Amino acid sequence: MGTLLKASFASPDVPPSSVGMAAFAAKNCLAQCGMDAGEIDLLINIGVFRDDNIIEPAMAPLIQKQAGMNLDPVRRGSLEQTTLSFDINDGPGGFLSAVCVAESFFRSGRAKHALVVGGDIHPSRTPHRDFPFTSVASAALLACTEDDGRGFSGFHFKTSSNGGFGFSANVDLTANGLISRSSMNFDMEEDYTDQLIAFASEMLLELFQSGRMNPDHLDYVVTSQQIKGFGRRIAQSVHLSDKARVIDLYDQYGDAHTSSLVLGYHHLAGGGLLKKNDRILFLSAGSGLSASCSLYTV
Amino acid sequence: MGKEMIRAQFESLGVFFPDRVVSTEELIDRMPVKPLFDLEFLTGVKERRWRSDTQDSYTIALAAALDCLKKSRYRPEEIDVLICASISHFKGGLNLWMKPDMSKFLKKSLGLRPDAMSFCMTNACAGMLTAVHILNNMIQTGAVRNGLIVSGECITPIADTAVREIRETVDLQFASLTVGDSGVALMMDRTEDESEGIEFADFVTLAEFADLCLAMPSNENPGLAMYAKAVDIHQEAILRLPKILKFAMKKHQFTGRDFDYVIPHQTSTRAIDAALALCEKYLQVLPEVLISIDQYGNTASTSHFVVLHDHLENKRLKKNSKIFFLALASGMVIGFVAARIGKLEACYGYPS
């Protein structure tokens, strides 16, 4: 049994709201495969930066409401089909964490379809000059397949046990006072992206050298994109450049943060570039320092 | 669930409570505008724990995790996944951390393996039980062998704000006066014992009511505020809970007779009594209801396990108890977890 990407959507042309953009992506993603919102068993929001710095409820139920997914199955009299929604916060790695979680629901038979939505916005809901990310809404529809040869395989996660965290985002409610609802402070170590590239490359090399992943079996590399050429530099350092095509969309979209991986996949799938049995290496790296990856077979 | 499927169990439980105790009377005394009703009588909250200036979600979560690991047979480097499930994520005072997520700080401080998975998962007050549902699936399907769920709820900042900002006799911030701070960590692993551990878990999000309770920074005072339409939440929840329960009973083949205890989310004794009275009709027998709201208040995502700890610590549970956890949270989330907790009893020194 595997987990398939059944449909995807990503766009920077979104409403100025984290809830609105995720709901917009959800609807568009489902429309692509003609699926009804009511068929979603799991809705996982991986977006981190949100409207008004809301911490309760999870953002996922607010997104579920705007997307019209099984809002009140008791009133509708159909408890056979309900949605469970929650948030996963793991930065740009959220997508692979969410896939890993969804896959366990598929394998246990407790879900058939999961929708992972992402996208970030400055809490002020404005194009704030300090916001280091681009607001790109994304959605990926996951479904289980009986075909063991397809879908995601081999999830790997790694966090540095030494040194700093590289990048931080927080809002001190005392210091920011009455503007805390619309503020976020970002801090980045000078060599953060270099550290990330080195850290993610080291993780990949370990996987290649231990035989847990075969670099010769990769067609595409889709990565988080903190800077232009982020994925390409990693590919070069692990000698993947001549084996697989690295998707770099930084010039068009900037750093789409939690939407990066789905954006890269959507570029391939939406552009008709994928064929059966193509293999995509999904790789994300983020603060922590952390990195995660998984192989996806189309 | 088929017999061939691996079962997951609660392996050990750790807690942390700040030393400071604040009574409801003391809290009301601080309010410039006092409520007309008797808050303690209405909610059953007599006192709650309150963080010190040096305590926050991170320190509270870390202390609970260390307590859990002391009781666990697992060393930090043996843990496969860390899930941080708190609503609040303050670190370094009233500093709301978005990135890195809290799990990365905890992972490093606890000394987990670099290749252990870690992420934050939020689902309001259903956070820890939703994490149990997630980890149950991950353990059952072999994605991980074990995992640690941690929640450090530093939630009294909303009570501070409510004390300052409540100006009317009917106010969206009244529910904020019931909360207390606490940390809980729960280690889960697999068990060969078919009668032990999690029998089922089932959750539904009734998103029609997603915006009935919102927490965010206040725009009147520096701090965090929660705005809850408590009456609406209660009404909509109790209208639906019995039907959801009835459906779950048929799906998972259980009645109230199958359980020794029910642990509901600790909102207020009156709300709990009203909800469970409606459920009793379907359950046939209402198992004994466990409450610790008088001492700890509503501790958000940790509430069910604060109650469980309180009763385990004081040896109030019968041996090899089977517990029905009832989640009710903003979102609106209704969920059930059914588990036999024999392993936890052993970890609290119950005779084998």
# chains A, B, ... in the order shown; residues from 1 in each chain; ligands from 1
$ select_by_dssp --residues "stretch 79-237 of chain B" --states "strand (DSSP E or B)" --output "ChimeraX atom specification"
/B:81-84,90,95-99,117-123,125,146-153,179,182-191,197-205,213-217,224-228
$ interface_residues --of "chain B" --to "chain A" --cutoff "7 Å" --atoms "only C-alpha atoms" --output "PyMOL selection string"
chain B and resi 87+94-101+104+108+114-117+119-124+134+137-138+141+143+203-208+210-211+213-223+240+330-331
$ write_last_selection --atoms "C-alpha atoms" --output "PDB file, in the first residue's frame"
ATOM      1  CA  ILE B  87      -2.048  25.320  22.097  1.00  0.00           C
ATOM      2  CA  LEU B  94       5.340  35.847  26.716  1.00  0.00           C
ATOM      3  CA  ASN B  95       7.153  35.212  23.489  1.00  0.00           C
ATOM      4  CA  LEU B  96       5.021  33.332  20.973  1.00  0.00           C
ATOM      5  CA  TRP B  97       7.332  31.061  18.970  1.00  0.00           C
ATOM      6  CA  MET B  98       6.373  30.146  15.440  1.00  0.00           C
ATOM      7  CA  LYS B  99       9.716  28.976  14.099  1.00  0.00           C
ATOM      8  CA  PRO B 100      11.512  26.744  14.809  1.00  0.00           C
ATOM      9  CA  ASP B 101       8.513  24.881  16.119  1.00  0.00           C
ATOM     10  CA  LYS B 104      12.756  21.199  17.732  1.00  0.00           C
ATOM     11  CA  LYS B 108      17.432  19.017  21.295  1.00  0.00           C
ATOM     12  CA  PRO B 114      19.029  13.468  15.272  1.00  0.00           C
ATOM     13  CA  ASP B 115      16.988  11.221  12.961  1.00  0.00           C
ATOM     14  CA  ALA B 116      13.934  11.054  15.233  1.00  0.00           C
ATOM     15  CA  MET B 117      10.885  12.692  13.703  1.00  0.00           C
ATOM     16  CA  PHE B 119       6.718  18.191  14.803  1.00  0.00           C
ATOM     17  CA  CYS B 120       4.096  20.320  16.482  1.00  0.00           C
ATOM     18  CA  MET B 121       0.482  19.347  16.085  1.00  0.00           C
ATOM     19  CA  THR B 122      -2.319  21.585  17.289  1.00  0.00           C
ATOM     20  CA  ASN B 123      -5.980  20.862  17.666  1.00  0.00           C
ATOM     21  CA  ALA B 124      -7.024  23.230  20.464  1.00  0.00           C
ATOM     22  CA  ILE B 134      -2.062  10.071  15.317  1.00  0.00           C
ATOM     23  CA  ASN B 137      -1.950   5.002  13.842  1.00  0.00           C
ATOM     24  CA  MET B 138       1.794   5.447  13.427  1.00  0.00           C
ATOM     25  CA  THR B 141       1.173   0.613  11.080  1.00  0.00           C
ATOM     26  CA  ALA B 143       5.783   3.834  10.928  1.00  0.00           C
ATOM     27  CA  PHE B 203     -12.551  12.187  16.095  1.00  0.00           C
ATOM     28  CA  VAL B 204     -14.763  14.536  14.124  1.00  0.00           C
ATOM     29  CA  THR B 205     -14.390  18.262  13.437  1.00  0.00           C
ATOM     30  CA  LEU B 206     -17.702  20.108  13.269  1.00  0.00           C
ATOM     31  CA  ALA B 207     -16.233  23.087  11.434  1.00  0.00           C
ATOM     32  CA  GLU B 208     -19.568  24.890  11.222  1.00  0.00           C
ATOM     33  CA  ALA B 210     -14.952  26.691  14.107  1.00  0.00           C
ATOM     34  CA  ASP B 211     -15.067  30.372  14.975  1.00  0.00           C
ATOM     35  CA  CYS B 213     -13.790  30.378  20.229  1.00  0.00           C
ATOM     36  CA  LEU B 214     -10.720  32.301  19.106  1.00  0.00           C
ATOM     37  CA  ALA B 215      -7.490  32.998  20.976  1.00  0.00           C
ATOM     38  CA  MET B 216      -4.972  35.575  19.773  1.00  0.00           C
ATOM     39  CA  PRO B 217      -2.957  38.512  21.077  1.00  0.00           C
ATOM     40  CA  SER B 218      -5.208  41.117  22.642  1.00  0.00           C
ATOM     41  CA  ASN B 219      -5.449  44.513  20.991  1.00  0.00           C
ATOM     42  CA  GLU B 220      -6.422  46.212  24.249  1.00  0.00           C
ATOM     43  CA  ASN B 221      -3.519  45.148  26.470  1.00  0.00           C
ATOM     44  CA  PRO B 222      -0.166  43.453  25.875  1.00  0.00           C
ATOM     45  CA  GLY B 223      -0.930  39.753  26.260  1.00  0.00           C
ATOM     46  CA  ARG B 240     -24.634  16.824  18.745  1.00  0.00           C
ATOM     47  CA  SER B 330     -12.668  24.502  19.845  1.00  0.00           C
ATOM     48  CA  GLY B 331     -12.904  23.765  16.196  1.00  0.00           C
TER      49      GLY B 331
END
$ residues_around --residues "B:Val150" --least-positions-apart "4" --cutoff "12 Å" --atoms "only C-alpha atoms" --output "short mmCIF file (atom, residue, chain, number, x, y, z; two decimals) with C-alpha atoms, in the first residue's frame"
data_model
loop_
_atom_site.label_atom_id
_atom_site.label_comp_id
_atom_site.auth_asym_id
_atom_site.auth_seq_id
_atom_site.Cartn_x
_atom_site.Cartn_y
_atom_site.Cartn_z
CA SER B 12 4.48 6.21 30.91
CA LEU B 13 3.07 9.56 31.96
CA GLY B 14 4.87 12.59 33.29
CA VAL B 15 3.56 15.89 34.56
CA PHE B 16 4.70 19.26 35.76
CA SER B 57 5.26 26.54 27.50
CA TYR B 58 8.77 25.31 26.76
CA THR B 59 10.03 24.99 30.35
CA ILE B 60 6.76 23.41 31.48
CA ALA B 61 6.78 20.93 28.58
CA LEU B 62 10.44 20.07 29.17
CA ALA B 63 9.86 19.44 32.90
CA ALA B 64 6.90 17.15 32.12
CA ALA B 65 8.92 15.28 29.48
CA LEU B 66 11.80 14.73 31.90
CA ASP B 67 9.35 13.44 34.52
CA CYS B 68 7.89 11.06 31.93
CA LEU B 69 11.31 9.77 30.90
CA VAL B 81 8.94 10.57 17.21
CA LEU B 82 8.24 13.60 19.36
CA ILE B 83 4.88 15.34 18.96
CA CYS B 84 4.34 18.66 20.69
CA ALA B 85 0.60 19.18 21.08
CA SER B 86 0.09 22.36 23.09
CA ILE B 87 -2.05 25.32 22.10
CA SER B 88 0.35 27.76 23.72
CA HIS B 89 3.91 27.97 22.48
CA MET B 102 8.58 23.96 19.82
CA SER B 103 9.31 20.30 19.09
CA LEU B 106 12.43 20.00 23.05
CA LYS B 107 14.04 17.42 20.81
CA LEU B 110 15.84 16.05 25.68
CA SER B 118 9.53 15.77 15.49
CA PHE B 119 6.72 18.19 14.80
CA CYS B 120 4.10 20.32 16.48
CA MET B 121 0.48 19.35 16.08
CA THR B 122 -2.32 21.58 17.29
CA GLY B 127 -4.45 18.45 20.97
CA MET B 128 -3.04 15.71 23.19
CA LEU B 129 -5.81 13.25 22.42
CA ALA B 131 -1.81 13.31 19.02
CA VAL B 132 -2.69 10.01 20.72
CA SER B 182 0.35 22.45 33.46
CA GLY B 183 2.64 20.19 31.52
CA VAL B 184 2.02 16.60 30.48
CA ALA B 185 4.16 14.12 28.60
CA LEU B 186 2.93 10.73 27.47
CA MET B 187 5.11 7.95 26.15
CA MET B 188 3.40 5.43 23.87
CA SER B 301 -4.83 20.20 25.80
CA THR B 302 -3.41 18.49 28.90
CA PHE B 305 -4.06 13.51 31.42
#
$ residues_around --residues "B:Pro351" --least-positions-apart "4" --cutoff "12 Å" --atoms "only C-alpha atoms" --output "list in words"
Lys315, Lys318, Lys319, Asn320, Gly342, Lys343, Leu344, Glu345, Ala346 and Cys347 of chain B
$ select_by_dssp --residues "stretch 30-144 of chain A" --states "helix (DSSP H, G or I)" --output "JSON, numbers by chain"
{"A": [30, 31, 32, 37, 38, 39, 51, 52, 53, 59, 60, 61, 62, 63, 64, 65, 66, 67, 73, 74, 75, 76, 91, 92, 93, 94, 95, 96, 97, 98, 99, 100, 101, 102, 103, 104, 105, 106, 107]}
$ atom_distance --atom1 "atom CA of A:Ala22" --atom2 "atom CA of A:Gly47"
8.3 Å
$ residues_around --residues "A:Ser135" --least-positions-apart "5" --cutoff "6 Å" --atoms "only C-alpha atoms" --output "PDB file with N, CA and C atoms, in the first residue's frame"
ATOM      1  N   PRO A  12       0.161  31.930  -6.325  1.00  0.00           N
ATOM      2  CA  PRO A  12       0.449  33.122  -5.509  1.00  0.00           C
ATOM      3  C   PRO A  12      -0.691  34.144  -5.578  1.00  0.00           C
ATOM      4  N   ASP A 120       1.499  30.753   3.750  1.00  0.00           N
ATOM      5  CA  ASP A 120       1.810  31.625   4.884  1.00  0.00           C
ATOM      6  C   ASP A 120       1.557  33.075   4.516  1.00  0.00           C
ATOM      7  N   ILE A 121       1.213  33.828   5.542  1.00  0.00           N
ATOM      8  CA  ILE A 121       0.985  35.259   5.329  1.00  0.00           C
ATOM      9  C   ILE A 121       1.484  35.997   6.566  1.00  0.00           C
TER      10      ILE A 121
END
$ residues_around --residues "B:Gly256" --least-positions-apart "5" --cutoff "9 Å" --atoms "only C-alpha atoms" --output "PyMOL selection string"
chain B and resi 261-262+280+282-287+324
$ closest_residue --among "A:Ala139, A:Glu146, A:Asp130, A:Asn214" --to "A:Leu30" --atoms "only C-alpha atoms"
A:Ala139
$ residues_around --residues "A:Leu205" --least-positions-apart "3" --cutoff "12 Å" --atoms "only C-alpha atoms" --output "list in words"
Ala198, Phe199, Ala200, Ser201, Glu202, Phe208, Gln209, Ser210, Gly211, Arg212, Met213, Asn214, Pro215, Ile234, Ala235, Gln236, Ser237, Val238, His239 and Leu240 of chain A
